[in-house]
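Asks: Before we start, here is the structure in question, set down as structure tokens.
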Amino acid sequence: MTQADLDRDLDALTAELDKGHVFHSWSAQAALKPLPVAGGLGTKVWDHSGRTYLDFSSQLVNVNIGHQHPAVIAAIKEQADKLATIGPATANLTRGEAAKRITALAPDGLDKVFFTNGGADAIENAIRMARLHTGRDKVISRYRSYHGNTGAAIVATGDWRRIPNEYARGHVHAFGPYLYRSEFWATTPEEECERALQHLRRVVECEGPASVAAILLETIPGTAGIMVPPPGYLAGVGALADEHGILLILDEVMAGFGRTGEWLALDGFDVKPDLITFAKGVNSGYVPVGGVIISNEVAATFDDRVFPGGLTYSGHPLAAASIVGALDAMQAEGIVDHARQIGAEVIGPGLAELADKHRVVGEVRGLGVFWAMELVADPATREPLPAALMGKAKAACVERGLLPFVVDNRIHVVPPCVVTADEVGEALATYDAVLTLLDGEIA
């Protein structure tokens, strides 16, 4: 038996074990055929047979520093040799260093971190903090949002996944700005901003401002469509929250730590939240971790009052080490600046060219390495491209060696922050070929 045969056998074994024993999220199980992945480096992953794929999904939009970055791997190994685990009630040097680095990137006056195991439980604990701090119950979040798959986080979410999971109390939804499919009959970013803020104000007023603990927003909605807020919107939300003593929680789980070409996506806007949730990009997902960055005012609420929350793995040393390794490497290598530059100079212009060329592309939008192409069956009516054709688009990308991130009628262009101009060019050529096929389907 040749090595190639052995490698194919490993791919087959991987598929067999997965089919027999792994239950996948957000899926009907019977028809699943997940791609076997054996390894990765930088922007690429490969199967056991050696077929390589350019990862323009960053998996779940979290591998910001790229696959197998040596500094992050070394930090994890060093910590594992020193102390693999310790309880959260202890003080741990690596945990403290991770928190110090995170708060150094936050706005002034947010100096504490509560570590969690991921983004969803970061949302859970931010909501809990807001309710306990304000003595209020309601949380206003957006339709077209995703905040996680736990009790309050999934109910705060604004997409279809909320509906079969509505078990938490006190949640209200409002529409946010989305000019391409405006809920407010707006024709300019200025109109969309003004009307979206007025809509949110009316929701607050109708719910009773004194009953609202928090407004929870993704700084830039990610899974929902990478909808960059128009100028003035987030500042307006912050002012509305301050006016009524409502806390502002910004969800940076997907948008943070380089994804938009800023350390935090909020750095691109005139806004200062009370609580910031993070996960994914802080260590590129090498070890599960998340957290809440807490304003000093909210943290002081629990100086002499017990915070009724905790997690066995809060601030786990291996996770903390991966954060230190990732953030130090990103700083030393200028990775955030690179993400900003390549988005402005290569990805954005390249996607704009595709939009001009292909009638199936209704709109492109984004920042840094955080972009979406919205695909339509009719550019005049903006009718979304049907799911069957989106499935064909995804399959066509994979066949050409590109891992896409496909949601609803959109292809999200979300490579690692370390992506090169040549790799972007390769991906754009693939998108061009796939969009040409789709143009033929809607002609």
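To be explicit about the labels: the chains of the structure tokens are called A, B, and onward in the order shown, and within each one the residues are counted from 1, while ligands get numbers from 1 in the order they are shown.
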Neighbouring residues of stretch 193-201 of chain A were defined as those with any atom within 7 Å, considering only C-alpha atoms; residues of the same chain fewer than 4 positions away were excluded. Please report them as a count of residues only.
Replies: 11
Asks: Mind the document's chain letters and residue numbers, and return as number ranges by chain the residues of stretch 240-325 of chain A that DSSP labels strand (DSSP E or B).
Replies: A: 247-251, 275-278, 290-295
Asks: Include C-alpha atoms and write out the residues we just selected as a short mmCIF file (atom, residue, chain, number, x, y, z; two decimals), in the first residue's frame.
Replies:
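Written out: part25.cif:
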```cif
data_model
loop_
_atom_site.label_atom_id
_atom_site.label_comp_id
_atom_site.auth_asym_id
_atom_site.auth_seq_id
_atom_site.Cartn_x
_atom_site.Cartn_y
_atom_site.Cartn_z
CA LEU A 247 -25.78 50.14 30.10
CA LEU A 248 -24.33 49.69 26.62
CA ILE A 249 -22.88 46.23 25.94
CA LEU A 250 -20.84 45.91 22.76
CA ASP A 251 -20.34 42.39 21.48
CA LEU A 275 -19.23 46.27 29.01
CA ILE A 276 -17.41 44.59 26.12
CA THR A 277 -17.70 40.90 25.36
CA PHE A 278 -14.92 39.09 23.52
CA GLY A 290 -13.93 34.45 26.18
CA GLY A 291 -14.69 37.21 28.60
CA VAL A 292 -16.24 40.48 29.62
CA ILE A 293 -14.25 43.71 29.85
CA ILE A 294 -15.92 45.63 32.68
CA SER A 295 -16.11 49.36 33.33
#
```
Asks: Need to verify the contact set: stretch 345-357 of chain A, 10 Å, only C-alpha atoms, exclusion of same-chain residues closer than 3 positions in sequence. Can you return it as an NGL selection string?
Replies: :A and (339-342 or 360-375 or 413-414 or 420-422 or 424-425 or 427-429 or 431-432 or 435-436 or 439)
Asks: Could you write out that same residue set with N, CA and C atoms as a compact mmCIF listing (two decimals), in the first residue's frame?
Replies:
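selection_6.txt, written as the output of this step:
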```txt
# COMPACT_ATOMS: atom_id res chain seq x y z
N ALA A 339 -4.02 44.06 8.54
CA ALA A 339 -5.42 43.77 8.21
C ALA A 339 -6.13 45.01 7.68
N ARG A 340 -5.85 46.15 8.32
CA ARG A 340 -6.47 47.39 7.85
C ARG A 340 -6.02 47.73 6.43
N GLN A 341 -4.72 47.61 6.19
CA GLN A 341 -4.16 47.99 4.90
C GLN A 341 -4.64 47.07 3.79
N ILE A 342 -4.61 45.76 4.04
CA ILE A 342 -4.98 44.85 2.96
C ILE A 342 -6.47 44.92 2.66
N VAL A 360 -25.04 39.31 -10.25
CA VAL A 360 -25.53 38.57 -9.09
C VAL A 360 -25.09 39.22 -7.78
N VAL A 361 -24.11 40.11 -7.82
CA VAL A 361 -23.63 40.78 -6.61
C VAL A 361 -24.45 42.04 -6.39
N GLY A 362 -25.24 42.04 -5.33
CA GLY A 362 -26.05 43.22 -5.03
C GLY A 362 -25.26 44.30 -4.32
N GLU A 363 -24.44 43.89 -3.35
CA GLU A 363 -23.65 44.87 -2.59
C GLU A 363 -22.44 44.18 -1.98
N VAL A 364 -21.35 44.91 -1.86
CA VAL A 364 -20.22 44.49 -1.04
C VAL A 364 -20.03 45.52 0.06
N ARG A 365 -19.60 45.06 1.23
CA ARG A 365 -19.42 45.99 2.35
C ARG A 365 -18.46 45.37 3.35
N GLY A 366 -17.75 46.20 4.07
CA GLY A 366 -16.87 45.69 5.11
C GLY A 366 -15.71 46.59 5.41
N LEU A 367 -14.83 46.08 6.28
CA LEU A 367 -13.61 46.75 6.74
C LEU A 367 -12.56 45.69 7.01
N GLY A 368 -11.30 46.04 6.89
CA GLY A 368 -10.22 45.14 7.27
C GLY A 368 -10.32 43.82 6.54
N VAL A 369 -10.41 42.73 7.30
CA VAL A 369 -10.61 41.40 6.72
C VAL A 369 -11.98 40.87 7.15
N PHE A 370 -12.97 41.76 7.02
CA PHE A 370 -14.33 41.50 7.50
C PHE A 370 -15.30 42.07 6.45
N TRP A 371 -15.60 41.26 5.41
CA TRP A 371 -16.37 41.72 4.26
C TRP A 371 -17.48 40.73 3.91
N ALA A 372 -18.49 41.24 3.23
CA ALA A 372 -19.57 40.38 2.74
C ALA A 372 -19.93 40.79 1.31
N MET A 373 -20.20 39.79 0.50
CA MET A 373 -20.83 39.98 -0.80
C MET A 373 -22.27 39.50 -0.68
N GLU A 374 -23.22 40.39 -0.85
CA GLU A 374 -24.63 40.00 -0.81
C GLU A 374 -25.09 39.67 -2.22
N LEU A 375 -25.58 38.46 -2.41
CA LEU A 375 -25.92 37.96 -3.74
C LEU A 375 -27.44 38.00 -3.95
N VAL A 413 -16.31 37.34 3.19
CA VAL A 413 -14.91 37.27 2.82
C VAL A 413 -14.11 37.62 4.07
N VAL A 414 -13.66 36.58 4.78
CA VAL A 414 -13.14 36.75 6.14
C VAL A 414 -11.88 35.91 6.35
N THR A 420 -2.05 37.38 2.58
CA THR A 420 -1.22 38.19 1.69
C THR A 420 -2.02 38.67 0.49
N ALA A 421 -1.44 39.65 -0.21
CA ALA A 421 -2.09 40.17 -1.42
C ALA A 421 -2.22 39.08 -2.48
N ASP A 422 -1.22 38.22 -2.60
CA ASP A 422 -1.30 37.13 -3.57
C ASP A 422 -2.42 36.16 -3.22
N VAL A 424 -5.14 36.88 -1.52
CA VAL A 424 -6.39 37.57 -1.83
C VAL A 424 -6.66 37.48 -3.33
N GLY A 425 -5.62 37.67 -4.14
CA GLY A 425 -5.80 37.57 -5.58
C GLY A 425 -6.28 36.19 -6.00
N ALA A 427 -8.04 34.13 -4.14
CA ALA A 427 -9.45 34.01 -3.72
C ALA A 427 -10.37 34.80 -4.64
N LEU A 428 -9.95 36.00 -5.02
CA LEU A 428 -10.79 36.81 -5.92
C LEU A 428 -10.99 36.11 -7.26
N ALA A 429 -9.97 35.42 -7.75
CA ALA A 429 -10.11 34.67 -9.00
C ALA A 429 -11.14 33.55 -8.85
N TYR A 431 -13.66 33.52 -6.60
CA TYR A 431 -14.97 34.15 -6.52
C TYR A 431 -15.45 34.57 -7.91
N ASP A 432 -14.56 35.10 -8.71
CA ASP A 432 -14.91 35.53 -10.06
C ASP A 432 -15.49 34.37 -10.86
N LEU A 435 -18.94 33.37 -9.35
CA LEU A 435 -19.96 34.37 -9.65
C LEU A 435 -20.36 34.32 -11.11
N THR A 436 -19.42 33.99 -11.98
CA THR A 436 -19.75 33.84 -13.41
C THR A 436 -20.76 32.71 -13.58
N ASP A 439 -24.10 34.04 -12.38
CA ASP A 439 -24.70 34.96 -13.36
C ASP A 439 -25.46 34.18 -14.42
```
Asks: Show me, as CSV, the residues of stretch 312-385 of chain A having an atom within 9 Å of stretch 100-107 of chain A, each with the closest atom pair and its distance in Å, using only C-alpha atoms.
Replies:
```
residue,atom,partner,partner_atom,distance
A:Ile323,CA,A:Arg101,CA,8.5
A:Val324,CA,A:Arg101,CA,7.3
A:Leu327,CA,A:Arg101,CA,7.5
A:Asp328,CA,A:Arg101,CA,8.5
```
Asks: Could you dump the residues just selected with N, CA and C atoms as a PDB file, in the first residue's frame?
Replies:
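Contents of again.pdb, freshly written:
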```pdb
ATOM      1  N   ILE A 323      -3.639  33.726  24.889  1.00  0.00           N
ATOM      2  CA  ILE A 323      -3.958  35.145  24.709  1.00  0.00           C
ATOM      3  C   ILE A 323      -2.681  35.980  24.717  1.00  0.00           C
ATOM      4  N   VAL A 324      -1.836  35.746  25.708  1.00  0.00           N
ATOM      5  CA  VAL A 324      -0.579  36.497  25.795  1.00  0.00           C
ATOM      6  C   VAL A 324       0.254  36.269  24.535  1.00  0.00           C
ATOM      7  N   LEU A 327      -1.611  38.028  21.392  1.00  0.00           N
ATOM      8  CA  LEU A 327      -1.614  39.497  21.378  1.00  0.00           C
ATOM      9  C   LEU A 327      -0.205  40.055  21.250  1.00  0.00           C
ATOM     10  N   ASP A 328       0.752  39.421  21.900  1.00  0.00           N
ATOM     11  CA  ASP A 328       2.135  39.890  21.761  1.00  0.00           C
ATOM     12  C   ASP A 328       2.631  39.714  20.323  1.00  0.00           C
TER      13      ASP A 328
END
```
Asks: Name the residues in contact with A:Gly256 at a cut-off of 8 Å, using only C-alpha atoms, excluding same-chain residues fewer than 4 positions from it; report them as a VMD selection string.
Replies: chain A and resid 252 260 262 to 265 278 281 to 282
Asks: Write out the residues from the selection above, keeping C-alpha atoms, as a tab-separated table (two decimals), in the first residue's frame.
Replies:
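Now in selection.tsv:
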```tsv
chain	number	residue	atom	x	y	z
A	252	GLU	CA	-16.85	42.18	19.94
A	260	THR	CA	-11.78	45.16	11.22
A	262	GLU	CA	-8.53	47.89	14.56
A	263	TRP	CA	-7.67	46.23	17.84
A	264	LEU	CA	-11.34	46.48	18.74
A	265	ALA	CA	-13.99	47.30	16.15
A	278	PHE	CA	-14.92	39.09	23.52
A	281	GLY	CA	-10.11	36.58	17.91
A	282	VAL	CA	-8.36	37.29	21.22
```
Asks: Can you tell me which residues surround A:Val287 at a distance of at most 9 Å, considering only C-alpha atoms, apart from same-chain residues fewer than 6 positions away, and format the answer as a ChimeraX atom specification?
Replies: /A:76,318-320,322-323
Asks: If DSSP is run on the backbone, what residues of stretch 340-422 of chain A are alpha helix (DSSP H)? A reply as a VMD selection string would be ideal.
Replies: chain A and resid 340 to 342 348 to 357 387 to 399 421 to 422
Asks: With a distance cut-off of 10 Å and only C-alpha atoms, select the neighbouring residues of A:Pro288, excluding the residue or stretch itself and same-chain residues fewer than 4 positions from it, and output the selection as number ranges by chain.
Replies: A: 116-119, 279-280, 283-284, 313, 316, 318-320, 322
Asks: For the residues in that selection, give me N, CA and C atoms as a tab-separated table (two decimals), in the first residue's frame.
Replies:
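Final file, again-v9.tsv:
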```
chain	number	residue	atom	x	y	z
A	116	THR	N	-14.37	33.89	30.63
A	116	THR	CA	-15.36	32.84	30.41
A	116	THR	C	-14.76	31.79	29.48
A	117	ASN	N	-15.59	30.83	29.09
A	117	ASN	CA	-15.10	29.76	28.21
A	117	ASN	C	-15.32	30.06	26.73
A	118	GLY	N	-16.08	31.09	26.42
A	118	GLY	CA	-16.36	31.44	25.04
A	118	GLY	C	-17.26	32.65	24.97
A	119	GLY	N	-17.72	32.97	23.75
A	119	GLY	CA	-18.49	34.18	23.54
A	119	GLY	C	-19.89	34.14	24.13
A	279	ALA	N	-14.14	37.00	22.59
A	279	ALA	CA	-13.76	35.58	22.56
A	279	ALA	C	-12.92	35.38	21.30
A	280	LYS	N	-13.29	34.40	20.48
A	280	LYS	CA	-12.72	34.12	19.15
A	280	LYS	C	-11.34	34.71	18.87
A	283	ASN	N	-7.43	35.06	20.88
A	283	ASN	CA	-6.34	34.08	20.78
A	283	ASN	C	-6.50	33.21	19.54
A	284	SER	N	-7.31	33.68	18.59
A	284	SER	CA	-7.58	32.97	17.34
A	284	SER	C	-8.16	31.58	17.55
A	313	TYR	N	-13.47	26.87	34.53
A	313	TYR	CA	-12.30	27.12	33.69
A	313	TYR	C	-12.08	28.60	33.41
A	316	HIS	N	-8.48	30.00	32.54
A	316	HIS	CA	-7.66	28.80	32.49
A	316	HIS	C	-6.25	29.16	32.02
A	318	LEU	N	-3.89	27.69	30.26
A	318	LEU	CA	-3.55	27.46	28.87
A	318	LEU	C	-4.23	28.49	27.96
A	319	ALA	N	-5.47	28.83	28.28
A	319	ALA	CA	-6.16	29.86	27.51
A	319	ALA	C	-5.49	31.21	27.70
A	320	ALA	N	-5.14	31.52	28.94
A	320	ALA	CA	-4.47	32.80	29.22
A	320	ALA	C	-3.14	32.89	28.49
A	322	SER	N	-2.34	31.41	25.73
A	322	SER	CA	-2.60	31.60	24.29
A	322	SER	C	-2.96	33.04	23.98
```
Asks: Would you please work out which residue, of A:Val61, A:Val203, A:Ala30, A:Ala299, is nearest to A:Lys138 when using only C-alpha atoms?
Replies: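 Closest to A:Lys138 of all the choices is A:Val203.
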Asks: So which one's closest to A:Ala321, A:Pro308, A:Gly222, A:Gly96, A:Pro415? Using only C-alpha atoms, please.
Replies: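 Checking each of A:Pro308, A:Gly222, A:Gly96, A:Pro415 against A:Ala321, counting only C-alpha atoms, the winner is A:Gly96.
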Asks: Using only C-alpha atoms, which protein or nucleic acid residues come within 12 Å of A:Asn149? Drop anything in the same chain fewer than 6 positions from it, and give the result as a list in words.
Replies: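 Non-adjacent residues within range: Ser25, Trp26, Gly118, Gly119, Ala120, Asp121, Ala122, Ile123, Glu124, Val155, Ala156, Thr157, Gly158, Asp159, Arg161, Arg162, Ile163, Pro164, Asn165, Glu166, Tyr167 and Ala168 of chain A.
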Asks: Could you please take those selected residues and save N, CA and C atoms as a PDB file, in the first residue's frame?
Replies:
```pdb
ATOM      1  N   SER A  25     -23.457  20.898  15.193  1.00  0.00           N
ATOM      2  CA  SER A  25     -24.337  22.023  15.540  1.00  0.00           C
ATOM      3  C   SER A  25     -25.091  22.559  14.336  1.00  0.00           C
ATOM      4  N   TRP A  26     -26.269  23.110  14.594  1.00  0.00           N
ATOM      5  CA  TRP A  26     -27.074  23.826  13.604  1.00  0.00           C
ATOM      6  C   TRP A  26     -27.305  23.024  12.327  1.00  0.00           C
ATOM      7  N   GLY A 118     -16.077  31.094  26.421  1.00  0.00           N
ATOM      8  CA  GLY A 118     -16.364  31.438  25.035  1.00  0.00           C
ATOM      9  C   GLY A 118     -17.261  32.654  24.969  1.00  0.00           C
ATOM     10  N   GLY A 119     -17.723  32.966  23.755  1.00  0.00           N
ATOM     11  CA  GLY A 119     -18.495  34.179  23.544  1.00  0.00           C
ATOM     12  C   GLY A 119     -19.886  34.137  24.128  1.00  0.00           C
ATOM     13  N   ALA A 120     -20.561  32.987  24.034  1.00  0.00           N
ATOM     14  CA  ALA A 120     -21.933  32.916  24.526  1.00  0.00           C
ATOM     15  C   ALA A 120     -22.005  33.166  26.022  1.00  0.00           C
ATOM     16  N   ASP A 121     -21.114  32.526  26.795  1.00  0.00           N
ATOM     17  CA  ASP A 121     -21.185  32.758  28.236  1.00  0.00           C
ATOM     18  C   ASP A 121     -20.612  34.113  28.626  1.00  0.00           C
ATOM     19  N   ALA A 122     -19.836  34.739  27.738  1.00  0.00           N
ATOM     20  CA  ALA A 122     -19.487  36.142  27.972  1.00  0.00           C
ATOM     21  C   ALA A 122     -20.736  37.010  27.909  1.00  0.00           C
ATOM     22  N   ILE A 123     -21.591  36.760  26.917  1.00  0.00           N
ATOM     23  CA  ILE A 123     -22.853  37.492  26.804  1.00  0.00           C
ATOM     24  C   ILE A 123     -23.726  37.241  28.029  1.00  0.00           C
ATOM     25  N   GLU A 124     -23.826  35.983  28.444  1.00  0.00           N
ATOM     26  CA  GLU A 124     -24.640  35.650  29.617  1.00  0.00           C
ATOM     27  C   GLU A 124     -24.212  36.467  30.828  1.00  0.00           C
ATOM     28  N   VAL A 155     -31.562  34.054  23.025  1.00  0.00           N
ATOM     29  CA  VAL A 155     -32.793  34.844  22.983  1.00  0.00           C
ATOM     30  C   VAL A 155     -32.477  36.293  22.623  1.00  0.00           C
ATOM     31  N   ALA A 156     -31.301  36.771  22.968  1.00  0.00           N
ATOM     32  CA  ALA A 156     -30.870  38.093  22.510  1.00  0.00           C
ATOM     33  C   ALA A 156     -30.588  38.100  21.017  1.00  0.00           C
ATOM     34  N   THR A 157     -30.246  36.940  20.468  1.00  0.00           N
ATOM     35  CA  THR A 157     -29.985  36.808  19.032  1.00  0.00           C
ATOM     36  C   THR A 157     -31.223  37.183  18.227  1.00  0.00           C
ATOM     37  N   GLY A 158     -30.995  37.742  17.038  1.00  0.00           N
ATOM     38  CA  GLY A 158     -32.120  38.209  16.236  1.00  0.00           C
ATOM     39  C   GLY A 158     -32.418  37.389  15.003  1.00  0.00           C
ATOM     40  N   ASP A 159     -31.761  36.229  14.823  1.00  0.00           N
ATOM     41  CA  ASP A 159     -32.064  35.436  13.627  1.00  0.00           C
ATOM     42  C   ASP A 159     -32.935  34.230  13.987  1.00  0.00           C
ATOM     43  N   ARG A 161     -32.495  31.268  14.752  1.00  0.00           N
ATOM     44  CA  ARG A 161     -32.106  30.341  15.807  1.00  0.00           C
ATOM     45  C   ARG A 161     -32.710  30.689  17.159  1.00  0.00           C
ATOM     46  N   ARG A 162     -33.140  31.919  17.312  1.00  0.00           N
ATOM     47  CA  ARG A 162     -33.799  32.327  18.550  1.00  0.00           C
ATOM     48  C   ARG A 162     -35.134  31.605  18.741  1.00  0.00           C
ATOM     49  N   ILE A 163     -35.882  31.453  17.671  1.00  0.00           N
ATOM     50  CA  ILE A 163     -37.296  31.093  17.773  1.00  0.00           C
ATOM     51  C   ILE A 163     -37.536  29.743  18.447  1.00  0.00           C
ATOM     52  N   PRO A 164     -36.785  28.666  18.112  1.00  0.00           N
ATOM     53  CA  PRO A 164     -37.027  27.408  18.837  1.00  0.00           C
ATOM     54  C   PRO A 164     -36.367  27.350  20.212  1.00  0.00           C
ATOM     55  N   ASN A 165     -35.752  28.432  20.657  1.00  0.00           N
ATOM     56  CA  ASN A 165     -34.981  28.424  21.906  1.00  0.00           C
ATOM     57  C   ASN A 165     -35.378  29.548  22.867  1.00  0.00           C
ATOM     58  N   GLU A 166     -36.581  30.046  22.768  1.00  0.00           N
ATOM     59  CA  GLU A 166     -36.958  31.231  23.553  1.00  0.00           C
ATOM     60  C   GLU A 166     -37.413  30.839  24.962  1.00  0.00           C
ATOM     61  N   TYR A 167     -36.420  30.657  25.825  1.00  0.00           N
ATOM     62  CA  TYR A 167     -36.703  30.262  27.207  1.00  0.00           C
ATOM     63  C   TYR A 167     -36.289  31.318  28.225  1.00  0.00           C
ATOM     64  N   ALA A 168     -35.562  32.351  27.804  1.00  0.00           N
ATOM     65  CA  ALA A 168     -35.108  33.384  28.740  1.00  0.00           C
ATOM     66  C   ALA A 168     -36.101  34.549  28.754  1.00  0.00           C
TER      67      ALA A 168
END
```
